[in-house]
Amino acid sequence: MAAVVILPDWEANQITQAQADNVKKMIDDIKSCSQSTVDGRMKPYLDAMTITGVFKQNEPDGDNDDSKTKNGQFLGYGNRTILAHYWFTPNFGQSIGYKPDKFRVLTLLHESYHAATEDWTESQAPNYAASIYDEIKCCLKQQGLDLE
Ligand SMILES: [Zn+2]
């Protein structure tokens with residue numbers, strides 16, 4: 001049996017337990033809204049996503065708002081999601097005029113689409129995220145998310 005050596009090939013830090021708990025709370029809010037509004041159809045997508053890290057400053061490619069999901073970016077694993085450097089800050093989404101919670105929800109939906117479908121192109125993920133977001137945003141507001 002060969003030893004498995006895990007080498008991150010993105011400029012990212014491993015997600016901390018506190019950060020992971022924070023993200024899990026938002027995913028749980030989305031799942032609970034998915035039950036009441038869209039028959040829970042995005043739950044398997046969210047469950048397919050494994051959030052592993054948070055990008056270092058100015059990664060990837062100078063964009064502190066960008067999150068990524070890719071296959072095989074960490075040796076020995078399937079697909080993994082790295083959250084944007086600004087994810088946990090009030091600056092997240094500011095560059096495009098979104099409240100942080102709105103951009104966080106859109107990002108989770110978008111990255112979960114990549115994780116579940118292994119479609120790494122940007123042809124469907126943005127549409128998927130936008131259409132689900134429209135259906136659940138009223139419910140999310142009732143959960144206390146600050147969306148606009
Ligand atoms: Zn994408």
# chains A, B, ... in the order shown; residues from 1 in each chain; ligands from 1

$ closest_atom_pairs --of "chain A" --to "ligand 1" --cutoff "12 Å" --atoms "only C-alpha atoms and all ligand atoms" --output "Markdown table"
| residue | atom | partner | partner_atom_place_in_ligand_line | distance |
| --- | --- | --- | --- | --- |
| A:Asp66 | CA | ligand 1 | 1 (Zn) | 9.0 |
| A:Ser67 | CA | ligand 1 | 1 (Zn) | 7.9 |
| A:Lys68 | CA | ligand 1 | 1 (Zn) | 6.5 |
| A:Thr69 | CA | ligand 1 | 1 (Zn) | 7.2 |
| A:Lys70 | CA | ligand 1 | 1 (Zn) | 9.3 |
| A:Thr81 | CA | ligand 1 | 1 (Zn) | 10.5 |
| A:Ile82 | CA | ligand 1 | 1 (Zn) | 11.5 |
| A:Leu83 | CA | ligand 1 | 1 (Zn) | 11.7 |
| A:Leu106 | CA | ligand 1 | 1 (Zn) | 10.7 |
| A:Thr107 | CA | ligand 1 | 1 (Zn) | 8.5 |
| A:Leu108 | CA | ligand 1 | 1 (Zn) | 10.3 |
| A:Leu109 | CA | ligand 1 | 1 (Zn) | 9.9 |
| A:His110 | CA | ligand 1 | 1 (Zn) | 6.1 |
| A:Glu111 | CA | ligand 1 | 1 (Zn) | 6.1 |
| A:Ser112 | CA | ligand 1 | 1 (Zn) | 9.3 |
| A:Tyr113 | CA | ligand 1 | 1 (Zn) | 8.3 |
| A:His114 | CA | ligand 1 | 1 (Zn) | 6.6 |
| A:Ala115 | CA | ligand 1 | 1 (Zn) | 9.8 |
| A:Thr117 | CA | ligand 1 | 1 (Zn) | 11.6 |
| A:Glu118 | CA | ligand 1 | 1 (Zn) | 10.7 |
| A:Asp119 | CA | ligand 1 | 1 (Zn) | 8.9 |
| A:Trp120 | CA | ligand 1 | 1 (Zn) | 6.7 |
| A:Thr121 | CA | ligand 1 | 1 (Zn) | 6.7 |
| A:Glu122 | CA | ligand 1 | 1 (Zn) | 5.1 |
| A:Ser123 | CA | ligand 1 | 1 (Zn) | 8.5 |
| A:Gln124 | CA | ligand 1 | 1 (Zn) | 8.7 |
| A:Ala125 | CA | ligand 1 | 1 (Zn) | 5.9 |
| A:Pro126 | CA | ligand 1 | 1 (Zn) | 7.0 |
| A:Asn127 | CA | ligand 1 | 1 (Zn) | 10.5 |
| A:Tyr128 | CA | ligand 1 | 1 (Zn) | 10.6 |
| A:Ala129 | CA | ligand 1 | 1 (Zn) | 10.0 |

$ residues_around --residues "A:Ser34" --least-positions-apart "2" --cutoff "10 Å" --atoms "only C-alpha atoms" --output "list in words"
Asp28, Asp29, Ile30, Lys31, Ser32, Ser36, Thr37, Val38, Asp39, Gly40, Arg41, Met42, Lys43, Ile132, Tyr133, Glu135, Ile136, Cys139 and Leu140 of chain A

$ write_last_selection --atoms "N, CA, C and O atoms" --output "CSV table (one decimal), in the first residue's frame"
chain,number,residue,atom,x,y,z
A,28,ASP,N,-27.2,24.8,5.0
A,28,ASP,CA,-28.4,24.3,5.7
A,28,ASP,C,-29.6,25.2,5.4
A,28,ASP,O,-30.7,24.7,5.2
A,29,ASP,N,-29.4,26.5,5.5
A,29,ASP,CA,-30.5,27.5,5.1
A,29,ASP,C,-31.0,27.3,3.7
A,29,ASP,O,-32.2,27.3,3.4
A,30,ILE,N,-30.0,27.1,2.8
A,30,ILE,CA,-30.4,26.9,1.4
A,30,ILE,C,-31.2,25.6,1.2
A,30,ILE,O,-32.2,25.5,0.6
A,31,LYS,N,-30.7,24.5,1.9
A,31,LYS,CA,-31.4,23.2,1.8
A,31,LYS,C,-32.8,23.3,2.4
A,31,LYS,O,-33.8,22.8,1.8
A,32,SER,N,-33.0,24.1,3.5
A,32,SER,CA,-34.3,24.1,4.1
A,32,SER,C,-35.2,24.9,3.2
A,32,SER,O,-36.4,24.6,3.1
A,36,SER,N,-39.0,23.8,0.7
A,36,SER,CA,-40.3,24.4,0.7
A,36,SER,C,-40.5,25.0,-0.7
A,36,SER,O,-41.7,25.3,-1.0
A,37,THR,N,-39.5,25.3,-1.5
A,37,THR,CA,-39.8,26.0,-2.7
A,37,THR,C,-39.5,25.3,-4.0
A,37,THR,O,-40.2,25.5,-5.0
A,38,VAL,N,-38.6,24.4,-4.1
A,38,VAL,CA,-38.2,23.8,-5.3
A,38,VAL,C,-38.0,22.3,-5.1
A,38,VAL,O,-37.2,21.6,-5.8
A,39,ASP,N,-38.8,21.6,-4.2
A,39,ASP,CA,-38.9,20.2,-4.1
A,39,ASP,C,-37.5,19.6,-3.7
A,39,ASP,O,-37.2,18.5,-4.1
A,40,GLY,N,-36.6,20.4,-3.1
A,40,GLY,CA,-35.4,19.9,-2.7
A,40,GLY,C,-34.4,19.5,-3.8
A,40,GLY,O,-33.5,18.7,-3.6
A,41,ARG,N,-34.6,20.0,-5.0
A,41,ARG,CA,-33.9,19.4,-6.1
A,41,ARG,C,-32.4,19.9,-6.1
A,41,ARG,O,-31.6,19.3,-6.8
A,42,MET,N,-32.0,20.9,-5.4
A,42,MET,CA,-30.6,21.2,-5.4
A,42,MET,C,-29.9,20.6,-4.2
A,42,MET,O,-28.6,20.7,-4.1
A,43,LYS,N,-30.6,19.8,-3.4
A,43,LYS,CA,-29.9,19.2,-2.2
A,43,LYS,C,-28.8,18.3,-2.7
A,43,LYS,O,-27.6,18.4,-2.1
A,132,ILE,N,-32.1,29.2,-9.5
A,132,ILE,CA,-32.5,28.7,-8.1
A,132,ILE,C,-32.5,29.8,-7.1
A,132,ILE,O,-33.4,29.9,-6.3
A,133,TYR,N,-31.6,30.8,-7.3
A,133,TYR,CA,-31.6,31.9,-6.3
A,133,TYR,C,-32.9,32.7,-6.4
A,133,TYR,O,-33.5,33.0,-5.4
A,135,GLU,N,-35.8,31.6,-7.1
A,135,GLU,CA,-36.9,30.8,-6.5
A,135,GLU,C,-36.8,30.8,-5.0
A,135,GLU,O,-37.8,30.6,-4.3
A,136,ILE,N,-35.6,30.9,-4.4
A,136,ILE,CA,-35.5,30.7,-2.9
A,136,ILE,C,-35.2,32.0,-2.2
A,136,ILE,O,-35.1,32.0,-0.9
A,139,CYS,N,-37.5,33.0,0.7
A,139,CYS,CA,-37.4,32.1,1.9
A,139,CYS,C,-36.1,32.4,2.6
A,139,CYS,O,-36.1,32.4,3.8
A,140,LEU,N,-35.0,32.7,1.9
A,140,LEU,CA,-33.7,33.0,2.5
A,140,LEU,C,-33.8,34.2,3.4
A,140,LEU,O,-33.2,34.3,4.4

$ select_by_dssp --residues "stretch 13-138 of chain A" --states "strand (DSSP E)" --output "PyMOL selection string"
chain A and resi 13-14+51-55+68-70+80-83

$ write_last_selection --atoms "N, CA, C and O atoms" --output "PDB file, in the first residue's frame"
ATOM      1  N   ASN A  13      -5.435  28.236   1.688  1.00  0.00           N
ATOM      2  CA  ASN A  13      -5.287  27.683   3.025  1.00  0.00           C
ATOM      3  C   ASN A  13      -6.411  26.693   3.267  1.00  0.00           C
ATOM      4  O   ASN A  13      -7.522  26.863   2.743  1.00  0.00           O
ATOM      5  N   GLN A  14      -6.146  25.691   4.082  1.00  0.00           N
ATOM      6  CA  GLN A  14      -7.208  24.771   4.441  1.00  0.00           C
ATOM      7  C   GLN A  14      -8.290  25.525   5.205  1.00  0.00           C
ATOM      8  O   GLN A  14      -7.992  26.404   6.011  1.00  0.00           O
ATOM      9  N   ILE A  51     -16.018  21.418   0.350  1.00  0.00           N
ATOM     10  CA  ILE A  51     -15.275  22.676   0.479  1.00  0.00           C
ATOM     11  C   ILE A  51     -14.028  22.417   1.314  1.00  0.00           C
ATOM     12  O   ILE A  51     -14.117  21.987   2.458  1.00  0.00           O
ATOM     13  N   THR A  52     -12.877  22.660   0.697  1.00  0.00           N
ATOM     14  CA  THR A  52     -11.605  22.256   1.286  1.00  0.00           C
ATOM     15  C   THR A  52     -10.744  23.427   1.727  1.00  0.00           C
ATOM     16  O   THR A  52      -9.964  23.301   2.653  1.00  0.00           O
ATOM     17  N   GLY A  53     -10.872  24.564   1.054  1.00  0.00           N
ATOM     18  CA  GLY A  53      -9.938  25.641   1.353  1.00  0.00           C
ATOM     19  C   GLY A  53     -10.496  27.019   1.062  1.00  0.00           C
ATOM     20  O   GLY A  53     -11.619  27.183   0.581  1.00  0.00           O
ATOM     21  N   VAL A  54      -9.675  28.000   1.394  1.00  0.00           N
ATOM     22  CA  VAL A  54      -9.973  29.407   1.136  1.00  0.00           C
ATOM     23  C   VAL A  54      -8.743  29.996   0.440  1.00  0.00           C
ATOM     24  O   VAL A  54      -7.611  29.827   0.920  1.00  0.00           O
ATOM     25  N   PHE A  55      -8.967  30.656  -0.678  1.00  0.00           N
ATOM     26  CA  PHE A  55      -7.842  31.218  -1.424  1.00  0.00           C
ATOM     27  C   PHE A  55      -7.061  32.233  -0.601  1.00  0.00           C
ATOM     28  O   PHE A  55      -7.629  32.977   0.206  1.00  0.00           O
ATOM     29  N   LYS A  68     -13.546  28.494  -6.732  1.00  0.00           N
ATOM     30  CA  LYS A  68     -13.327  27.522  -7.819  1.00  0.00           C
ATOM     31  C   LYS A  68     -13.622  26.109  -7.336  1.00  0.00           C
ATOM     32  O   LYS A  68     -13.348  25.764  -6.186  1.00  0.00           O
ATOM     33  N   THR A  69     -14.149  25.315  -8.262  1.00  0.00           N
ATOM     34  CA  THR A  69     -14.309  23.877  -8.038  1.00  0.00           C
ATOM     35  C   THR A  69     -13.669  23.161  -9.206  1.00  0.00           C
ATOM     36  O   THR A  69     -13.987  23.468 -10.357  1.00  0.00           O
ATOM     37  N   LYS A  70     -12.754  22.259  -8.916  1.00  0.00           N
ATOM     38  CA  LYS A  70     -12.066  21.543  -9.991  1.00  0.00           C
ATOM     39  C   LYS A  70     -11.846  20.109  -9.586  1.00  0.00           C
ATOM     40  O   LYS A  70     -11.787  19.791  -8.403  1.00  0.00           O
ATOM     41  N   ARG A  80     -12.925  19.278  -5.583  1.00  0.00           N
ATOM     42  CA  ARG A  80     -12.895  20.041  -4.344  1.00  0.00           C
ATOM     43  C   ARG A  80     -13.187  21.500  -4.658  1.00  0.00           C
ATOM     44  O   ARG A  80     -12.870  21.990  -5.749  1.00  0.00           O
ATOM     45  N   THR A  81     -13.777  22.188  -3.669  1.00  0.00           N
ATOM     46  CA  THR A  81     -14.132  23.603  -3.834  1.00  0.00           C
ATOM     47  C   THR A  81     -13.246  24.464  -2.940  1.00  0.00           C
ATOM     48  O   THR A  81     -13.055  24.140  -1.763  1.00  0.00           O
ATOM     49  N   ILE A  82     -12.716  25.535  -3.515  1.00  0.00           N
ATOM     50  CA  ILE A  82     -11.943  26.528  -2.763  1.00  0.00           C
ATOM     51  C   ILE A  82     -12.740  27.826  -2.789  1.00  0.00           C
ATOM     52  O   ILE A  82     -13.108  28.319  -3.864  1.00  0.00           O
ATOM     53  N   LEU A  83     -13.012  28.373  -1.618  1.00  0.00           N
ATOM     54  CA  LEU A  83     -13.787  29.607  -1.532  1.00  0.00           C
ATOM     55  C   LEU A  83     -12.908  30.833  -1.765  1.00  0.00           C
ATOM     56  O   LEU A  83     -11.695  30.792  -1.558  1.00  0.00           O
TER      57      LEU A  83
END

$ closest_residue --among "A:Ala130, A:Arg104, A:Cys33, A:Lys25" --to "A:Ala84" --atoms "only C-alpha atoms"
A:Arg104

$ closest_residue --among "A:Asp146, A:Asp61, A:Glu11, A:Asp21" --to "A:Pro90" --atoms "only C-alpha atoms"
A:Asp146

$ residues_around --residues "A:His85" --least-positions-apart "5" --cutoff "9 Å" --atoms "only C-alpha atoms" --output "list in words"
Ala12, Val54, Phe55, Lys56, Gln57, Asn58, Glu59, Pro60, Asp63, Asn64, Asp65, Asp66, Ser67 and Phe92 of chain A

$ select_by_dssp --residues "stretch 23-93 of chain A" --states "helix (DSSP H, G or I)" --output "VMD selection string"
chain A and resid 23 to 37 43 to 47

$ residues_around --residues "A:Leu145" --least-positions-apart "6" --cutoff "10 Å" --atoms "only C-alpha atoms" --output "ChimeraX atom specification"
/A:26,29,99-102,105,137-139

$ write_last_selection --atoms "all heavy atoms" --output "JSON list (two decimals), in the first residue's frame"
[["chain", "number", "residue", "atom", "x", "y", "z"],
["A", 26, "MET", "N", -25.03, 28.24, 6.22],
["A", 26, "MET", "CA", -25.66, 28.81, 5.02],
["A", 26, "MET", "C", -26.17, 27.69, 4.10],
["A", 26, "MET", "O", -27.26, 27.80, 3.53],
["A", 26, "MET", "CB", -24.68, 29.71, 4.29],
["A", 26, "MET", "CG", -25.25, 30.30, 3.02],
["A", 26, "MET", "SD", -24.25, 31.67, 2.37],
["A", 26, "MET", "CE", -24.91, 33.04, 3.33],
["A", 29, "ASP", "N", -29.39, 26.52, 5.45],
["A", 29, "ASP", "CA", -30.46, 27.47, 5.13],
["A", 29, "ASP", "C", -30.95, 27.25, 3.70],
["A", 29, "ASP", "O", -32.16, 27.26, 3.44],
["A", 29, "ASP", "CB", -29.96, 28.92, 5.27],
["A", 29, "ASP", "CG", -29.83, 29.36, 6.72],
["A", 29, "ASP", "OD1", -30.44, 28.71, 7.60],
["A", 29, "ASP", "OD2", -29.14, 30.36, 6.97],
["A", 99, "LYS", "N", -24.72, 42.36, -2.02],
["A", 99, "LYS", "CA", -24.52, 42.13, -0.59],
["A", 99, "LYS", "C", -23.77, 40.81, -0.42],
["A", 99, "LYS", "O", -23.96, 39.87, -1.20],
["A", 99, "LYS", "CB", -25.87, 42.05, 0.12],
["A", 99, "LYS", "CG", -26.56, 43.39, 0.32],
["A", 99, "LYS", "CD", -26.07, 44.02, 1.60],
["A", 99, "LYS", "CE", -26.78, 45.32, 1.90],
["A", 99, "LYS", "NZ", -27.90, 45.20, 2.82],
["A", 100, "PRO", "N", -22.93, 40.72, 0.63],
["A", 100, "PRO", "CA", -22.15, 39.49, 0.80],
["A", 100, "PRO", "C", -22.99, 38.21, 0.83],
["A", 100, "PRO", "O", -22.62, 37.23, 0.19],
["A", 100, "PRO", "CB", -21.45, 39.71, 2.15],
["A", 100, "PRO", "CG", -21.35, 41.19, 2.28],
["A", 100, "PRO", "CD", -22.57, 41.76, 1.61],
["A", 101, "ASP", "N", -24.12, 38.23, 1.54],
["A", 101, "ASP", "CA", -24.92, 36.99, 1.62],
["A", 101, "ASP", "C", -25.46, 36.58, 0.26],
["A", 101, "ASP", "O", -25.54, 35.39, -0.05],
["A", 101, "ASP", "CB", -26.09, 37.15, 2.60],
["A", 101, "ASP", "CG", -25.66, 36.92, 4.05],
["A", 101, "ASP", "OD1", -24.51, 36.49, 4.28],
["A", 101, "ASP", "OD2", -26.50, 37.16, 4.94],
["A", 102, "LYS", "N", -25.87, 37.56, -0.56],
["A", 102, "LYS", "CA", -26.37, 37.23, -1.90],
["A", 102, "LYS", "C", -25.26, 36.56, -2.72],
["A", 102, "LYS", "O", -25.48, 35.53, -3.35],
["A", 102, "LYS", "CB", -26.85, 38.49, -2.62],
["A", 102, "LYS", "CG", -27.29, 38.22, -4.05],
["A", 102, "LYS", "CD", -27.83, 39.47, -4.73],
["A", 102, "LYS", "CE", -28.22, 39.16, -6.18],
["A", 102, "LYS", "NZ", -28.83, 40.33, -6.86],
["A", 105, "VAL", "N", -24.56, 32.98, -1.42],
["A", 105, "VAL", "CA", -25.55, 31.98, -1.87],
["A", 105, "VAL", "C", -25.34, 31.65, -3.35],
["A", 105, "VAL", "O", -25.32, 30.47, -3.73],
["A", 105, "VAL", "CB", -26.99, 32.48, -1.62],
["A", 105, "VAL", "CG1", -28.01, 31.55, -2.29],
["A", 105, "VAL", "CG2", -27.27, 32.58, -0.12],
["A", 137, "LYS", "N", -35.01, 33.13, -2.87],
["A", 137, "LYS", "CA", -34.52, 34.31, -2.14],
["A", 137, "LYS", "C", -35.50, 34.82, -1.09],
["A", 137, "LYS", "O", -35.06, 35.28, -0.02],
["A", 137, "LYS", "CB", -34.10, 35.43, -3.11],
["A", 137, "LYS", "CG", -35.19, 36.07, -3.89],
["A", 137, "LYS", "CD", -34.59, 37.13, -4.82],
["A", 137, "LYS", "CE", -35.66, 37.71, -5.70],
["A", 137, "LYS", "NZ", -35.11, 38.51, -6.80],
["A", 138, "CYS", "N", -36.82, 34.74, -1.34],
["A", 138, "CYS", "CA", -37.77, 35.19, -0.32],
["A", 138, "CYS", "C", -37.65, 34.33, 0.93],
["A", 138, "CYS", "O", -37.66, 34.85, 2.06],
["A", 138, "CYS", "CB", -39.19, 35.13, -0.86],
["A", 138, "CYS", "SG", -39.49, 36.36, -2.13],
["A", 139, "CYS", "N", -37.54, 33.03, 0.73],
["A", 139, "CYS", "CA", -37.37, 32.10, 1.85],
["A", 139, "CYS", "C", -36.08, 32.40, 2.60],
["A", 139, "CYS", "O", -36.05, 32.41, 3.83],
["A", 139, "CYS", "CB", -37.39, 30.67, 1.33],
["A", 139, "CYS", "SG", -36.99, 29.43, 2.57]]
